[in-house]
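Engineer: One structure coming up, written as structure tokens, with questions to follow.
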Amino acid sequence: MTRGKGPLILMNFYSGKSLIQNKVLFYLCSMQLTAGQIAELVGGSVTGDPDVKVSGPSRIEDGKPGTITFLANPKYKDYLYTTQASVVLVQNSFVPEQKLNASLITVDNVYASLALLMARFNSGISLAKGIAASACVDETVTIGEGVSIDEQVIIRPGSAIGNSTRVYGQVFIGDNVRIGSGCTIYPGVKIYHNCVIGDHCTIHANTVIGSDGFGFTPDENGNFVKIPQTGNVVIEDYVEIGSNVVIDRASIGSTLIKRGVKLDNLIQVAHNVTIGENTVIAAQAGIAGSTRIGSGCMIGGQVGIVGHIEVADGVMIQAQSGVASPVKQKGAKLYGSPAIDYQNYLKSYALFRRLPEVNANLNELKSNVGKLLPKDQL
Amino acid sequence: MTRGKGPLILMNFYSGKSLIQNKVLFYLCSMQLTAGQIAELVGGSVTGDPDVKVSGPSRIEDGKPGTITFLANPKYKDYLYTTQASVVLVQNSFVPEQKLNASLITVDNVYASLALLMARFNSGISLAKGIAASACVDETVTIGEGVSIDEQVIIRPGSAIGNSTRVYGQVFIGDNVRIGSGCTIYPGVKIYHNCVIGDHCTIHANTVIGSDGFGFTPDENGNFVKIPQTGNVVIEDYVEIGSNVVIDRASIGSTLIKRGVKLDNLIQVAHNVTIGENTVIAAQAGIAGSTRIGSGCMIGGQVGIVGHIEVADGVMIQAQSGVASPVKQKGAKLYGSPAIDYQNYLKSYALFRRLPEVNANLNELKSNVGKLLPKDQL
Amino acid sequence: MTRGKGPLILMNFYSGKSLIQNKVLFYLCSMQLTAGQIAELVGGSVTGDPDVKVSGPSRIEDGKPGTITFLANPKYKDYLYTTQASVVLVQNSFVPEQKLNASLITVDNVYASLALLMARFNSGISLAKGIAASACVDETVTIGEGVSIDEQVIIRPGSAIGNSTRVYGQVFIGDNVRIGSGCTIYPGVKIYHNCVIGDHCTIHANTVIGSDGFGFTPDENGNFVKIPQTGNVVIEDYVEIGSNVVIDRASIGSTLIKRGVKLDNLIQVAHNVTIGENTVIAAQAGIAGSTRIGSGCMIGGQVGIVGHIEVADGVMIQAQSGVASPVKQKGAKLYGSPAIDYQNYLKSYALFRRLPEVNANLNELKSNVGKLLPKDQL
């Protein structure tokens, strides 16, 4: 996500590059693959021993025998000749300058290959197919093929679960919920009645989908009367949602999370909000009721967005900003509370930091001018 | 909640007005009611066919046959004559200017009637009375009449559940907890031992009541020693709490949420806090330990309030503000971090935005003054 | 935690002093202890009746018969002679000036004794040893001695639970998780596969450990492709974590929470973060990916810290601040968004508040200078 990297802080998504090269620690894994098998998996070529086995990734600085590492950032080039890792992924264009101990696998795109490979190492743990003994699945629920329903799941009447979807333990699925195929619903997720989730969605642990919107109206005595929240939440395909997120149901109609949206942890999405396609939102951001966010937006951590406004496509909002009015300009970059243009905020903030000096300048000038002015003008 | 609407952003509560008229989407529902039945329910009068049936609400711009819509904001008046909805709720004072296709139900208060009606459409889904087979309810627990305890609920020894209260699946109720009558506890809520919840309270999914306050004291080695948190949480009647909220138990005594308080999602209430009657708090706000919030306050989203202070009644705090000192003035309006008077913050922020210009003015003036001053005075 | 108290708001940890003396409310408890038993428990000496019984703590201003209170802050000294409490804890150095009704227990350290005592009053509620009937514990799981596994817990294959650890209801423990001895895992906690938790750790309700880091990379069409998150979370000994916290697993390697760290509620810890020993973090703070926090830091509520930076040991960050760049100076105090030196922020903010006045001064000066300047210079 290189385009977001410069100005946005606290957005803990990132280019694959910055993420991985410098942070790789040794991680044990029970699966073993040979260099040859890996090359086949990622469409690369082996130089060196194709039969050497690895059981997981390591970082190039301290790679251990029996692990695979990679070289993407040339800054780490020298480690290639000293690493103890058994296999190293490198770009096709890379030409070694010295003799290597490790087997080399050359590929078109190191990061893409690495992602593929890590998914393979990570696939060892899976739920059993079928419905676990302690799950409470109502007899009216429709279950697709190849579905896994873990222990202590509750699925209430009228719901439907698509093919190959995995539902982890202690998930609650209310009445008349529809979940598509190829989804993963992690432990403790609670989905209220009538909500709809598309295909290939992932929802992490203890997230709540479809609780009541925060709608109250004061009566003549100052007590608040609840406005019934009769709508639902609709989540389109390929959406991923982090842990402990809350997405409230609409008062009437639907709170709508469009295709490809990615939400980090602990995010608040109020009732009747719409989030456009492929918008990504970092942790602890909050969007108030009935606001419509465009597509391809990038919203930083702890951002707050007021209710009842529209935010155009491709808008980038710096972490901790508070957006208090509609954003009509596509691709606008915002910062501050209330949020203004990103560059203007930085300019103003630079002077905010210098305010004591600016004020001292002013006072000195005033004093100098005082010497020039006749007494009766002061 | 009109009084809160102007100055407060990110408070995703609102007047019923702004919420509903423009955001209503079609929503299917299996229950059917005739215009006559609805008129009886809301105490209104029918003009047109009293036998036409509707199965749910729609919005007036694109109402479909078999739905009911409403006209509250005159801006939408023209749609009344073209809507396909079968029934329209209008004020008693409204006089049609053209012939209508829909049946009209005239009422004293459109919003109140609509709330009543939506609650009716929404009541189709309910838990069975009694204790579900997989629930683990200790034999010492007292259960009132008409109570629903869903699957996989745990209720530990010495607790009591009042009449007609509904406890959804996977809720945990610790030892010696008392829950009043007419409450709804949504899936995954965890209530620690000794906490007390009044009548007619609603707590949404995965909220935690009564976990330990954050209390540690450093020992001579810089390690932190836990201060036992022996108190509890007391929640009075008619309180509604959103999803994934945390309310910590007191160290000694009670964390107290008074009658009629409404809390949105993902809110932090620390140990020994008191929140006064009918105070409403928007999502992701946090209140630090031992602070006392008055009654009738409105606290915006992502607000932080420091510990050990008092906030007077009726105070309004703009979203994202940080309140760092006591607020003695009733009805004060605050903004900023640290928070100051709302209007003063806006005035200062307007100049913050213009700081580059202000500084340029200063520099130009300095240059001009320089021309006036004798060299030896510079 | 006196050292943090001055400058940091919203950090709802505190010195034992400020917490307790003024906030103690009566709290019922079924256990009864005599003054003599308490003196033995805390290593103190009784003056007065050693056989008087108390059933819980109270505050000195309104202590009731049958309760124990304490005097630590001399400000409350006068209450000592009027309190109805049956027993009072005081410092060894304290010499009464009048006759007392209560029995006195003199100790070296009132707060330490009080903590010990409260823990004793609070220990009445405990889980049964063994594995509850409805828990789903895989046959490959290793369970230590004296372990309590409550109802409806799920523990998946290959995991291990250390001696005397208590796992409350509805906890989910994924594949190959290792939990040490003497831990308490409260209801609804979800721990993903391969995570490691040390000895004497406490994790409060509905917290999620080890969900996927927020890692996506855009493809050529602007869709985001998930970067597999193959690492884990490692939590060292004596760590306490609040409710509804999320700690994401590393993409590769480990997200690391070091010994003695204390995390409040609703905190976000992104993938590959390291938090140093004995660092304390208040509620709703968030730390973005791959950042390394030093030891002994104090981080206020709602603080955000950008990804991929290092924060030195002993740094204190004011609530709501946004740290956007590395912090190299040990013990630095920061405030603002982006965060700068704490004192400098306060100075600038004081002038921010006065900006209308500063600007008026500038304009007046400009006007005065205008009078001095020849027309053609304006």
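By order of appearance in the structure tokens: chains A, B, ..., then residues from 1 within every chain, and ligands from 1 in the order shown.
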Against chain C, which residues of chain B fall within 7 Å? For each one I want the closest pair of atoms and the distance in Å (one decimal), counting only C-alpha atoms, rows by chain and increasing residue number, as JSON lines.
Structural biologist:
{"residue": "B:Phe172", "atom": "CA", "partner": "C:Pro187", "partner_atom": "CA", "distance": 6.9}
{"residue": "B:Lys190", "atom": "CA", "partner": "C:Pro187", "partner_atom": "CA", "distance": 6.6}
{"residue": "B:Asn206", "atom": "CA", "partner": "C:Asn206", "partner_atom": "CA", "distance": 6.8}
{"residue": "B:Val208", "atom": "CA", "partner": "C:Ala205", "partner_atom": "CA", "distance": 6.5}
{"residue": "B:Ser211", "atom": "CA", "partner": "C:His204", "partner_atom": "CA", "distance": 6.6}
{"residue": "B:Phe214", "atom": "CA", "partner": "C:Phe13", "partner_atom": "CA", "distance": 5.7}
{"residue": "B:Gly215", "atom": "CA", "partner": "C:Phe13", "partner_atom": "CA", "distance": 5.3}
{"residue": "B:Phe216", "atom": "CA", "partner": "C:Phe13", "partner_atom": "CA", "distance": 6.6}
{"residue": "B:Thr217", "atom": "CA", "partner": "C:Met1", "partner_atom": "CA", "distance": 5.5}
{"residue": "B:Pro218", "atom": "CA", "partner": "C:Met1", "partner_atom": "CA", "distance": 6.0}
{"residue": "B:Asn223", "atom": "CA", "partner": "C:Asn278", "partner_atom": "CA", "distance": 6.2}
{"residue": "B:Ile227", "atom": "CA", "partner": "C:Ala115", "partner_atom": "CA", "distance": 5.6}
{"residue": "B:Pro228", "atom": "CA", "partner": "C:Ala119", "partner_atom": "CA", "distance": 5.5}
{"residue": "B:Thr230", "atom": "CA", "partner": "C:Asn122", "partner_atom": "CA", "distance": 5.7}
{"residue": "B:Gly231", "atom": "CA", "partner": "C:Tyr27", "partner_atom": "CA", "distance": 6.7}
{"residue": "B:Asn244", "atom": "CA", "partner": "C:Asn244", "partner_atom": "CA", "distance": 6.7}
{"residue": "B:Val246", "atom": "CA", "partner": "C:Ser243", "partner_atom": "CA", "distance": 6.6}
{"residue": "B:Ile252", "atom": "CA", "partner": "C:Val24", "partner_atom": "CA", "distance": 5.3}
{"residue": "B:Gly253", "atom": "CA", "partner": "C:Leu25", "partner_atom": "CA", "distance": 4.2}
{"residue": "B:Ala288", "atom": "CA", "partner": "C:Asn12", "partner_atom": "CA", "distance": 5.0}
{"residue": "B:Gly289", "atom": "CA", "partner": "C:Asn12", "partner_atom": "CA", "distance": 5.2}
{"residue": "B:Gly304", "atom": "CA", "partner": "C:Leu10", "partner_atom": "CA", "distance": 6.7}
{"residue": "B:Ile305", "atom": "CA", "partner": "C:Leu10", "partner_atom": "CA", "distance": 6.1}
{"residue": "B:Val306", "atom": "CA", "partner": "C:Leu10", "partner_atom": "CA", "distance": 4.1}
{"residue": "B:Gly307", "atom": "CA", "partner": "C:Leu10", "partner_atom": "CA", "distance": 5.9}
{"residue": "B:Ala324", "atom": "CA", "partner": "C:Ile9", "partner_atom": "CA", "distance": 6.2}
{"residue": "B:Lys347", "atom": "CA", "partner": "C:Pro356", "partner_atom": "CA", "distance": 6.9}
{"residue": "B:Ser348", "atom": "CA", "partner": "C:Leu355", "partner_atom": "CA", "distance": 5.5}
{"residue": "B:Leu351", "atom": "CA", "partner": "C:Leu355", "partner_atom": "CA", "distance": 6.5}
{"residue": "B:Leu362", "atom": "CA", "partner": "C:Leu362", "partner_atom": "CA", "distance": 7.0}
{"residue": "B:Leu365", "atom": "CA", "partner": "C:Lys366", "partner_atom": "CA", "distance": 6.6}
Engineer: Apply DSSP to the structure's backbone, then extract all residues of stretch 102-165 of chain B labelled helix (DSSP H, G or I) and return them as a ChimeraX atom specification.
Structural biologist: /B:110-124
Engineer: For those residues, write N, CA and C atoms to a file as a tab-separated table (two decimals), in the first residue's frame.
Structural biologist:
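Output (part24.tsv):
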chain	number	residue	atom	x	y	z
B	110	VAL	N	-45.95	11.84	14.09
B	110	VAL	CA	-45.51	10.83	13.12
B	110	VAL	C	-44.36	9.98	13.67
B	111	TYR	N	-43.39	10.64	14.29
B	111	TYR	CA	-42.23	9.88	14.75
B	111	TYR	C	-42.56	8.90	15.87
B	112	ALA	N	-43.37	9.37	16.79
B	112	ALA	CA	-43.75	8.47	17.88
B	112	ALA	C	-44.51	7.26	17.33
B	113	SER	N	-45.41	7.52	16.38
B	113	SER	CA	-46.19	6.43	15.80
B	113	SER	C	-45.28	5.47	15.04
B	114	LEU	N	-44.32	6.05	14.34
B	114	LEU	CA	-43.42	5.22	13.56
B	114	LEU	C	-42.58	4.31	14.46
B	115	ALA	N	-42.11	4.89	15.58
B	115	ALA	CA	-41.31	4.10	16.53
B	115	ALA	C	-42.12	2.91	17.05
B	116	LEU	N	-43.37	3.20	17.39
B	116	LEU	CA	-44.26	2.15	17.89
B	116	LEU	C	-44.45	1.06	16.84
B	117	LEU	N	-44.64	1.51	15.62
B	117	LEU	CA	-44.91	0.59	14.53
B	117	LEU	C	-43.68	-0.27	14.20
B	118	MET	N	-42.52	0.38	14.19
B	118	MET	CA	-41.31	-0.38	13.88
B	118	MET	C	-41.03	-1.41	14.95
B	119	ALA	N	-41.31	-1.04	16.18
B	119	ALA	CA	-41.11	-2.00	17.26
B	119	ALA	C	-41.99	-3.23	17.01
B	120	ARG	N	-43.21	-2.98	16.50
B	120	ARG	CA	-44.13	-4.08	16.23
B	120	ARG	C	-43.62	-4.97	15.11
B	121	PHE	N	-43.15	-4.34	14.02
B	121	PHE	CA	-42.61	-5.14	12.92
B	121	PHE	C	-41.39	-5.93	13.37
B	122	ASN	N	-40.68	-5.34	14.31
B	122	ASN	CA	-39.41	-5.92	14.73
B	122	ASN	C	-39.55	-7.00	15.80
B	123	SER	N	-40.76	-7.22	16.26
B	123	SER	CA	-40.91	-8.10	17.42
B	123	SER	C	-41.09	-9.57	17.05
B	124	GLY	N	-40.95	-9.84	15.76
B	124	GLY	CA	-41.22	-11.22	15.34
B	124	GLY	C	-40.23	-12.23	15.88
Engineer: Residues near C:Ser254, anyone? I mean within 6 Å using only C-alpha atoms, not counting same-chain ones fewer than 5 positions away, as a PyMOL selection string.
Structural biologist: chain C and resi 231-233+272
Engineer: Excluding same-chain residues fewer than 3 positions from A:Gly144, what lies within 10 Å of it counting only C-alpha atoms, as a PyMOL selection string?
Structural biologist: chain A and resi 130+141+147-148+160-165+180-181
Engineer: Residues as selected, C-alpha atoms, written as a PDB file, in the first residue's frame, can you do that?
Structural biologist:
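For reference, out.pdb as written:
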ATOM      1  CA  GLY A 130     -19.471 -30.970   9.535  1.00  0.00           C
ATOM      2  CA  VAL A 141     -30.866 -23.747   9.000  1.00  0.00           C
ATOM      3  CA  VAL A 147     -18.962 -26.386   5.834  1.00  0.00           C
ATOM      4  CA  SER A 148     -17.270 -26.548   9.268  1.00  0.00           C
ATOM      5  CA  ALA A 160     -28.182 -20.155   5.774  1.00  0.00           C
ATOM      6  CA  ILE A 161     -24.441 -20.900   5.567  1.00  0.00           C
ATOM      7  CA  GLY A 162     -22.751 -21.155   2.138  1.00  0.00           C
ATOM      8  CA  ASN A 163     -20.377 -23.812   0.854  1.00  0.00           C
ATOM      9  CA  SER A 164     -16.957 -24.278   2.452  1.00  0.00           C
ATOM     10  CA  THR A 165     -17.566 -21.606   5.069  1.00  0.00           C
ATOM     11  CA  GLY A 180     -22.062 -16.748   1.779  1.00  0.00           C
ATOM     12  CA  SER A 181     -19.519 -19.335   0.710  1.00  0.00           C
TER      13      SER A 181
END
Engineer: As an exercise, work out the distance from atom CA of A:Ser251 to atom CA of B:Ile68 in Å and give it to one decimal place.
Structural biologist: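 Between atom CA of A:Ser251 and atom CA of B:Ile68 the gap is 14.9 Å.
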Engineer: Work out how far apart atom CA of C:Glu220 and atom CA of A:Thr69 are and give it in Å to one decimal.
Structural biologist: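 Interatomic distance, atom CA of C:Glu220 to atom CA of A:Thr69: 25.8 Å.
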Engineer: If you run DSSP on this backbone, which residues of stretch 130-212 of chain C come out as strand (DSSP E), and could you give them as JSON, numbers by chain?
Structural biologist: {"C": [130, 131, 136, 137, 142, 143, 148, 149, 154, 155, 160, 161, 166, 167, 172, 173, 178, 179, 184, 185, 190, 191, 196, 197, 202, 203, 208, 209, 210, 211]}
Engineer: To one decimal place, how far is atom CA of A:Thr202 from atom CA of A:Ile293 in Å?
Structural biologist: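 Interatomic distance here is 20.8 Å.
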Engineer: Identify, on the basis of only C-alpha atoms, every residue whose closest approach to B:Gly174 does not exceed 9 Å; exclude the query and any residue fewer than 5 positions from it along the same chain; express the result as a PyMOL selection string.
Structural biologist: chain B and resi 154-159+190-195
Engineer: With distances taken over only C-alpha atoms, which residue among A:Val234, A:Ala128, A:Ser367, A:Pro65 lies nearest A:Gly146?
Structural biologist: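 Answer, going by the shortest atom-to-atom distance: A:Ala128.
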Engineer: Set the distance at 7 Å and use only C-alpha atoms: which residues neighbour B:Ile149 once local chain neighbours fewer than 4 positions away are removed? I'd like the list as a ChimeraX atom specification.
Structural biologist: /B:130-132,153,166-168
Engineer: Contacts of C:Phe94 at 10 Å or less, counting only C-alpha atoms, minus same-chain residues fewer than 6 places along, as a list in words?
Structural biologist: Leu71, Ala72, Pro74, Thr106 and Val107 of chain C
